[in-house]
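So this block is target_10.tsv, TSV, C-alpha atoms and all ligand atoms:
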chain	number	residue	atom	x	y	z
A	1	MET	CA	100.39	91.95	93.13
A	2	PRO	CA	99.36	90.98	89.63
A	3	ASN	CA	102.10	91.47	87.07
A	4	THR	CA	100.91	93.54	84.15
A	5	GLY	CA	104.21	93.44	82.29
A	6	LEU	CA	105.65	91.84	79.23
A	7	GLY	CA	105.37	88.34	80.65
A	8	VAL	CA	101.61	88.43	80.90
A	9	LEU	CA	101.35	89.89	77.42
A	10	LEU	CA	103.49	87.15	75.92
A	11	ALA	CA	101.67	84.51	77.91
A	12	SER	CA	98.34	85.77	76.59
A	13	LEU	CA	99.75	85.37	73.08
A	14	GLY	CA	100.65	81.81	73.87
A	15	TRP	CA	104.42	82.27	74.09
A	16	PRO	CA	105.40	78.72	74.93
A	17	HIS	CA	108.22	79.31	77.39
A	18	LEU	CA	106.13	81.58	79.57
A	19	VAL	CA	103.00	79.49	79.84
A	20	ARG	CA	102.87	77.59	83.08
A	21	THR	CA	102.85	73.84	82.75
A	22	GLU	CA	101.50	71.59	85.43
A	23	MET	CA	104.15	71.30	88.10
A	24	PRO	CA	102.71	72.48	91.39
A	25	TYR	CA	105.06	72.35	94.31
A	26	ASN	CA	104.49	69.25	96.32
A	27	LEU	CA	106.11	68.97	99.73
A	28	ASP	CA	106.06	65.21	99.45
A	29	PHE	CA	108.20	65.12	96.34
A	30	PRO	CA	110.93	67.77	96.34
A	31	ASN	CA	113.86	66.52	94.32
A	32	GLY	CA	116.54	69.08	95.10
A	33	GLY	CA	117.56	72.46	96.37
A	34	CYS	CA	116.23	75.59	94.65
A	35	THR	CA	118.65	76.86	92.03
A	36	VAL	CA	118.47	80.36	93.54
A	37	CYS	CA	117.76	80.06	97.30
A	38	ASN	CA	118.65	76.40	97.93
A	39	ARG	CA	115.44	75.66	99.82
A	40	LYS	CA	113.37	72.60	98.96
A	41	ALA	CA	112.22	72.56	95.37
A	42	LYS	CA	111.01	70.39	92.55
A	43	ILE	CA	113.26	70.82	89.55
A	44	ASP	CA	112.68	69.68	85.96
A	45	GLY	CA	115.38	69.77	83.32
A	46	PRO	CA	117.71	70.79	82.02
A	47	THR	CA	115.63	70.84	78.86
A	48	SER	CA	117.10	70.70	75.37
A	49	SER	CA	117.79	74.43	75.66
A	50	TRP	CA	119.54	73.87	79.00
A	51	ASP	CA	116.74	75.50	80.95
A	52	LEU	CA	115.72	74.41	84.41
A	53	ILE	CA	112.10	74.71	85.52
A	54	VAL	CA	112.05	75.20	89.25
A	55	ASP	CA	109.14	75.12	91.66
A	56	CYS	CA	110.52	76.35	94.98
A	57	VAL	CA	108.73	76.35	98.30
A	58	CYS	CA	109.89	79.92	98.98
A	59	CYS	CA	110.44	81.61	95.59
A	60	GLY	CA	107.53	80.02	93.71
A	61	GLU	CA	107.96	78.94	90.09
A	62	PHE	CA	110.55	80.18	87.63
A	63	GLN	CA	112.67	79.16	84.69
A	64	ILE	CA	116.40	79.71	84.47
A	65	SER	CA	119.15	78.69	82.11
A	66	LYS	CA	121.50	76.22	83.73
A	67	ILE	CA	124.36	78.04	82.03
A	68	THR	CA	123.32	81.35	83.65
A	69	ALA	CA	122.97	79.68	87.03
A	70	ASP	CA	126.44	78.13	86.74
A	71	GLU	CA	127.99	81.40	85.52
A	72	LEU	CA	126.56	83.29	88.47
A	73	GLY	CA	127.62	80.64	90.97
A	74	LEU	CA	124.05	80.08	92.14
A	75	PRO	CA	122.49	79.22	94.51
A	76	TYR	CA	123.13	82.23	96.71
A	77	LYS	CA	125.06	81.45	99.84
A	78	THR	CA	124.07	84.17	102.31
A	79	PRO	CA	120.64	84.27	103.96
A	80	LYS	CA	120.06	87.91	102.98
A	81	GLU	CA	120.83	87.29	99.29
A	82	GLN	CA	118.59	84.22	99.35
A	83	ALA	CA	115.76	86.16	101.01
A	84	LEU	CA	115.99	89.09	98.61
A	85	ALA	CA	115.97	86.88	95.52
A	86	SER	CA	113.07	84.78	96.83
A	87	HIS	CA	111.10	87.92	97.67
A	88	LEU	CA	111.45	89.38	94.18
A	89	ILE	CA	110.76	86.11	92.38
A	90	ARG	CA	107.66	85.62	94.49
A	91	LYS	CA	106.47	89.08	93.49
A	92	MET	CA	106.78	88.05	89.85
A	93	GLN	CA	104.41	85.11	90.28
A	94	ALA	CA	101.31	85.43	88.16
A	95	PRO	CA	98.63	82.87	87.43
A	96	ARG	CA	99.40	82.20	83.79
A	97	TYR	CA	103.09	82.47	83.28
A	98	ARG	CA	106.35	81.40	84.79
A	99	PRO	CA	109.00	84.13	84.97
A	100	ILE	CA	112.28	83.51	83.19
A	101	LEU	CA	115.23	84.72	85.24
A	102	ASN	CA	118.00	86.03	83.04
A	103	LYS	CA	121.34	87.60	83.83
A	104	GLU	CA	119.79	91.09	83.81
A	105	PHE	CA	117.47	90.04	86.62
A	106	PHE	CA	120.42	89.03	88.79
A	107	ASP	CA	122.36	92.18	87.83
A	108	ALA	CA	119.36	94.25	88.96
A	109	LEU	CA	119.28	92.34	92.24
A	110	ARG	CA	122.62	93.83	93.20
A	111	HIS	CA	120.97	97.24	93.34
A	112	GLN	CA	118.01	96.07	95.37
A	113	THR	CA	117.69	95.72	99.13
A	114	LEU	CA	115.41	93.70	101.35
A	115	PRO	CA	112.27	95.50	102.50
A	116	THR	CA	112.87	97.64	105.58
A	117	PRO	CA	111.18	96.42	108.79
A	118	MET	CA	108.35	98.90	108.14
A	119	GLU	CA	107.94	97.74	104.55
A	120	ALA	CA	107.95	94.09	105.64
A	121	SER	CA	105.32	94.96	108.25
A	122	ASP	CA	103.18	96.51	105.52
A	123	ASN	CA	103.68	93.36	103.46
A	124	LEU	CA	102.24	91.27	106.32
A	125	LEU	CA	99.23	93.60	106.58
A	126	ILE	CA	98.60	93.29	102.84
A	127	TRP	CA	99.05	89.51	102.96
A	128	LEU	CA	96.72	89.17	105.96
A	129	ALA	CA	94.04	91.35	104.36
A	130	GLY	CA	94.20	89.13	101.27
A	131	GLN	CA	93.91	85.96	103.34
A	132	GLN	CA	90.98	87.38	105.31
A	133	ASP	CA	89.27	87.94	101.97
A	134	GLY	CA	87.29	90.99	103.10
A	135	ARG	CA	85.85	89.20	106.14
A	136	PRO	CA	86.92	91.13	109.25
A	137	GLY	CA	86.11	88.30	111.65
A	138	ASN	CA	88.09	85.73	109.67
A	139	GLU	CA	91.09	84.63	111.73
A	140	ILE	CA	94.12	83.56	109.76
A	141	GLU	CA	96.90	81.28	110.88
A	142	ILE	CA	100.39	82.68	110.68
A	143	ALA	CA	103.11	80.03	110.72
A	144	HIS	CA	106.30	81.95	111.43
A	145	ALA	CA	108.54	79.56	109.51
A	146	ASP	CA	106.25	79.18	106.49
A	147	PRO	CA	108.59	79.58	103.48
A	148	PRO	CA	106.03	81.22	101.15
A	149	LEU	CA	105.25	83.72	103.89
A	150	LEU	CA	108.94	84.52	104.42
A	151	GLY	CA	109.25	85.07	100.67
A	152	THR	CA	106.13	87.23	100.51
A	153	LEU	CA	107.22	89.45	103.38
A	154	GLY	CA	110.85	89.65	102.27
A	155	VAL	CA	112.39	88.60	105.57
A	156	VAL	CA	115.21	86.22	106.41
A	157	GLU	CA	113.95	84.08	109.30
A	158	PRO	CA	110.95	83.22	111.50
A	159	GLU	CA	112.16	85.56	114.25
A	160	ASP	CA	111.61	88.46	111.82
A	161	VAL	CA	107.97	87.42	111.43
A	162	GLY	CA	107.68	87.29	115.23
A	163	TRP	CA	109.01	90.83	115.51
A	164	ILE	CA	106.60	92.10	112.85
A	165	VAL	CA	103.59	90.50	114.56
A	166	ASP	CA	104.58	91.99	117.94
A	167	SER	CA	105.18	95.37	116.36
A	168	LEU	CA	101.81	95.42	114.55
A	169	LYS	CA	100.02	94.36	117.72
A	170	SER	CA	101.68	97.12	119.73
A	171	GLN	CA	100.43	99.62	117.11
A	172	ASP	CA	96.90	98.25	117.41
A	173	LEU	CA	96.92	97.10	113.79
A	174	LEU	CA	96.62	93.40	114.57
A	175	LEU	CA	94.35	91.44	116.88
A	176	GLY	CA	94.86	87.98	118.32
A	177	GLY	CA	98.19	86.30	118.20
A	178	TYR	CA	97.34	83.49	120.55
A	179	PRO	CA	98.68	80.04	119.74
A	180	THR	CA	96.67	77.64	117.64
A	181	ALA	CA	95.68	74.20	118.83
A	182	ILE	CA	98.78	72.83	117.15
A	183	ASP	CA	100.95	74.95	119.40
A	184	ASP	CA	98.99	73.99	122.49
A	185	ARG	CA	100.15	70.44	121.98
A	186	ARG	CA	103.74	71.58	121.42
A	187	ARG	CA	103.78	74.27	124.05
A	188	PRO	CA	106.66	72.85	126.13
A	189	ARG	CA	108.96	73.00	123.09
A	190	MET	CA	107.45	76.01	121.35
A	191	THR	CA	109.93	78.43	119.82
A	192	VAL	CA	109.43	81.30	117.43
A	193	ALA	CA	110.54	79.04	114.61
A	194	ASN	CA	107.64	76.62	115.06
A	195	ARG	CA	105.07	79.12	116.28
A	196	HIS	CA	101.62	79.09	114.72
A	197	ILE	CA	99.30	81.89	115.77
A	198	ARG	CA	95.90	83.15	114.67
A	199	CYS	CA	95.42	86.82	113.84
A	200	ARG	CA	93.10	89.30	112.16
A	201	LEU	CA	93.32	92.97	111.34
A	202	THR	CA	91.86	95.61	113.64
A	203	ALA	CA	89.84	98.53	112.26
A	204	ARG	CA	93.08	100.52	112.24
A	205	GLY	CA	94.76	97.65	110.41
A	206	TRP	CA	92.07	97.76	107.69
A	207	GLU	CA	92.49	101.53	107.47
A	208	ARG	CA	96.20	101.09	107.00
A	209	PHE	CA	95.57	98.45	104.33
A	210	GLU	CA	93.28	100.86	102.47
A	211	GLU	CA	96.02	103.49	102.58
A	212	LEU	CA	98.57	100.98	101.30
A	213	LYS	CA	96.31	100.04	98.42
A	214	ARG	CA	96.52	103.64	97.36
A	215	ALA	CA	100.23	103.10	97.89
A	216	HIS	CA	103.32	105.15	98.38
A	217	ILE	CA	102.54	106.56	101.82
A	218	SER	CA	105.23	104.77	103.76
A	219	ALA	CA	108.17	105.20	101.48
A	220	SER	CA	111.00	107.59	102.10
A	221	TYR	CA	112.28	107.24	98.56
A	222	ALA	CA	111.44	108.59	95.14
A	223	PHE	CA	111.67	106.73	91.85
A	224	PHE	CA	113.46	107.93	88.72
A	225	ALA	CA	111.92	106.68	85.47
A	226	ARG	CA	114.48	106.88	82.73
A	227	ARG	CA	116.08	105.38	79.65
A	228	PHE	CA	118.78	102.95	80.66
A	229	SER	CA	121.57	103.43	78.17
A	230	ASN	CA	122.36	107.11	78.35
A	231	THR	CA	125.71	108.10	79.85
A	232	GLU	CA	124.79	111.80	79.86
A	233	LEU	CA	121.74	111.01	81.94
A	234	ASP	CA	123.89	108.85	84.25
A	235	GLN	CA	125.92	111.94	85.04
A	236	VAL	CA	122.84	114.11	85.57
A	237	PHE	CA	121.50	111.45	87.90
A	238	GLU	CA	124.68	111.01	89.92
A	239	ARG	CA	125.78	114.65	90.14
A	240	CYS	CA	122.47	116.44	90.32
A	241	LEU	CA	119.25	114.49	90.84
A	242	TYR	CA	120.44	111.95	93.40
A	243	PRO	CA	122.14	114.49	95.73
A	244	ALA	CA	119.18	116.88	95.32
A	245	GLY	CA	116.82	114.10	96.39
A	246	LEU	CA	118.91	113.36	99.46
A	247	GLN	CA	118.83	117.02	100.45
A	248	THR	CA	115.04	116.87	100.57
A	249	GLY	CA	115.16	113.66	102.62
A	250	TYR	CA	114.42	111.21	99.83
A	251	GLU	CA	116.63	108.59	98.27
A	252	LEU	CA	116.11	108.67	94.52
A	253	ARG	CA	115.99	105.07	93.32
A	254	THR	CA	116.14	103.74	89.82
A	255	VAL	CA	116.43	100.32	88.23
A	256	PRO	CA	119.64	100.31	86.26
A	257	GLN	CA	118.94	97.70	83.62
A	258	ARG	CA	115.71	97.34	81.73
A	259	ALA	CA	114.73	93.73	81.26
A	260	GLY	CA	111.20	92.70	80.42
A	261	LEU	CA	110.62	90.45	83.34
A	262	ILE	CA	111.88	92.80	86.02
A	263	ASP	CA	108.78	94.87	85.32
A	264	ALA	CA	107.41	93.53	88.58
A	265	VAL	CA	110.35	95.09	90.39
A	266	ILE	CA	109.84	98.46	88.73
A	267	GLU	CA	106.10	98.36	89.27
A	268	ASN	CA	106.57	97.65	92.95
A	269	GLU	CA	109.06	100.50	93.34
A	270	ILE	CA	106.61	102.90	91.72
A	271	ARG	CA	103.69	101.72	93.82
A	272	ARG	CA	105.65	102.41	96.98
A	273	CYS	CA	107.60	105.53	96.06
A	274	ARG	CA	106.71	108.86	97.62
A	275	PHE	CA	107.02	110.62	94.28
A	276	LEU	CA	108.28	109.91	90.79
A	277	VAL	CA	110.70	111.82	88.58
A	278	ALA	CA	110.47	110.91	84.88
A	279	ASP	CA	112.94	111.76	82.15
A	280	LEU	CA	110.79	112.14	79.04
A	281	SER	CA	113.48	113.72	76.88
A	282	ASP	CA	114.62	110.42	75.39
A	283	GLU	CA	111.27	109.38	73.92
A	284	ASN	CA	111.70	106.25	75.92
A	285	ALA	CA	108.47	104.24	76.00
A	286	GLY	CA	109.41	102.65	79.34
A	287	ALA	CA	109.68	106.01	81.10
A	288	TYR	CA	106.31	107.07	79.66
A	289	TRP	CA	104.76	103.83	80.87
A	290	GLU	CA	106.22	104.32	84.34
A	291	ALA	CA	105.03	107.93	84.47
A	292	GLY	CA	101.56	106.88	83.34
A	293	PHE	CA	101.48	104.12	85.93
A	294	ALA	CA	102.38	106.66	88.65
A	295	GLU	CA	99.72	109.02	87.29
A	296	GLY	CA	97.17	106.24	87.72
A	297	LEU	CA	98.27	105.81	91.32
A	298	GLU	CA	97.98	109.55	91.86
A	299	ALA	CA	101.61	109.73	92.94
A	300	ASP	CA	103.32	113.09	92.91
A	301	ARG	CA	105.55	113.36	89.87
A	302	LYS	CA	108.05	115.65	88.24
A	303	TRP	CA	108.85	115.63	84.53
A	304	ILE	CA	112.21	116.37	82.94
A	305	GLU	CA	111.77	117.49	79.34
B	401	ZN	ZN	113.94	79.36	95.95

For this file, produce the structure as structure tokens.
Ligand SMILES: [Zn+2]
Amino acid sequence: MPNTGLGVLLASLGWPHLVRTEMPYNLDFPNGGCTVCNRKAKIDGPTSSWDLIVDCVCCGEFQISKITADELGLPYKTPKEQALASHLIRKMQAPRYRPILNKEFFDALRHQTLPTPMEASDNLLIWLAGQQDGRPGNEIEIAHADPPLLGTLGVVEPEDVGWIVDSLKSQDLLLGGYPTAIDDRRRPRMTVANRHIRCRLTARGWERFEELKRAHISASYAFFARRFSNTELDQVFERCLYPAGLQTGYELRTVPQRAGLIDAVIENEIRRCRFLVADLSDENAGAYWEAGFAEGLEADRKWIE
């Protein structure tokens, strides 16, 4: 998903820290463990400002202050924390800038969860459609242990990818799934972790992809667009809006701390939410932007004025 947030704007203005320099990930020359997820990475720095520039096989590229990383005790230790962080950082990848991960990003992470199995399944459909590049007969190889794929889907391990593929096939959304030639040679020792299969979307799979492009059909949550420093609104949210949402069967989510480069997180939540509630009483530009973004997606929305 292209990031349309502050990062791209600053990059287009030539903001030096956000413009990507040449450091593509190269499997042959990793020089350490990723500062966030501890998988293989190429790391430059610390620079004079104590920043690390990291190119991780799973997260993608990002920049982080070494001081922040040390304060937070990074890298993450548990597989779920690692997977969640990688998933969100990968979502923030955009062609012309490298996201800077600040403390607010990691604070926001604490309120995020990994995609549900259904959401991760949708992520595979979207990924596959992109790889097929509009050609329905184009078979794409899925390597279950491929780190960028794990990060894109938001899953912890290759077995999760195996489950998603089986599930999509059983729903007639995916076709194929037979081993590639590589696996034929390895067949005696083949496990889910080293499985390579070839797949393509069925007509139903393409239909589902079209629905997902219009977004927000699968979600069982709503999104609350709001100003972030408003204790009165916190109380309204906790005592009134959140319980009211639950009573109608929807979890009302919000992102608690506004930070420029978590725009990708907010944008993704809005794309997938069933409906959006916006507090426009604070003249908060962010809430107006979020409401306008939802309007563009034709999401249902409610205003609080
Ligand atoms: Zn990483």

Which chains and residue numbers are within 8 Å of ligand ZN 401 (chain B), counting all atoms listed in the file, if I want them as a VMD selection string?
chain A and resid 33 to 41 55 to 60 82 85 to 86

Dump C-alpha atoms for the selected residues as a compact mmCIF listing (two decimals), in the coordinates of the input?
# COMPACT_ATOMS: atom_id res chain seq x y z
CA GLY A 33 117.56 72.46 96.37
CA CYS A 34 116.23 75.59 94.65
CA THR A 35 118.65 76.86 92.03
CA VAL A 36 118.47 80.36 93.54
CA CYS A 37 117.76 80.06 97.30
CA ASN A 38 118.65 76.40 97.93
CA ARG A 39 115.44 75.66 99.82
CA LYS A 40 113.37 72.60 98.96
CA ALA A 41 112.22 72.56 95.37
CA ASP A 55 109.14 75.12 91.66
CA CYS A 56 110.52 76.35 94.98
CA VAL A 57 108.73 76.35 98.30
CA CYS A 58 109.89 79.92 98.98
CA CYS A 59 110.44 81.61 95.59
CA GLY A 60 107.53 80.02 93.71
CA GLN A 82 118.59 84.22 99.35
CA ALA A 85 115.97 86.88 95.52
CA SER A 86 113.07 84.78 96.83

- prompt: What residues have an atom no more than 9 Å from (115.0, 72.7, 85.5) in the file's own frame, counting all atoms listed in the file, and can you write them as a ChimeraX atom specification?
  reply: /A:35,42-47,50-55,62-66

Checklist line | Exercise: Thr254 in chain A partners within 10 Å, only C-alpha atoms, chain neighbours under 6 positions left out, as a ChimeraX atom specification | finding: /A:111-112,222-226,228,237,242,266,269-270,277

CA of Cys273 in chain A sits from CA of Ala244 in chain A at a separation of 16.2 Å

What does the distance from CA of Tyr221 in chain A to CA of Glu267 in chain A come to in Å, to one decimal?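 Computing it gives 14.3 Å between the two atoms.
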
Quiz item: If you measure from CA of Pro115 in chain A to CA of Trp127 in chain A, what distance in Å do you get, rounded to one decimal?
Solution: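 Value for the CA of Pro115 in chain A-CA of Trp127 in chain A distance: 14.5 Å.
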
I want to know what sits within 8 Å of range 210-215 of chain A, based on all atoms listed in the file, with residues of the same chain fewer than 5 positions away left out; could you give that as a PDB file with C-alpha atoms, in the frame of the given file?
ATOM      1  CA  ASP A 122     103.180  96.510 105.520  1.00  0.00           C
ATOM      2  CA  ILE A 126      98.600  93.290 102.840  1.00  0.00           C
ATOM      3  CA  ARG A 271     103.690 101.720  93.820  1.00  0.00           C
ATOM      4  CA  ARG A 272     105.650 102.410  96.980  1.00  0.00           C
ATOM      5  CA  CYS A 273     107.600 105.530  96.060  1.00  0.00           C
ATOM      6  CA  LEU A 297      98.270 105.810  91.320  1.00  0.00           C
TER       7      LEU A 297
END

Edge lengths and centre, in Å to one decimal, as lines of an AutoDock Vina configuration file: that's what I need for the box along x, y and z that holds all listed atoms of range 192-209 of chain A plus 3 Å on each side.
center_x = 100.2
center_y = 89.1
center_z = 110.9
size_x = 26.7
size_y = 30.9
size_z = 19.1

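For the choices A:Glu251, A:Glu141, A:Glu157, A:Glu207, the atom-to-atom distance to Asp172 in chain A is smallest for A:Glu207 when using all atoms listed in the file.
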
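Nearest to Asn284 in chain A of all the residues A:Thr78, A:Ser121, A:Gln235, A:Asn230 is A:Asn230, counting only C-alpha atoms.
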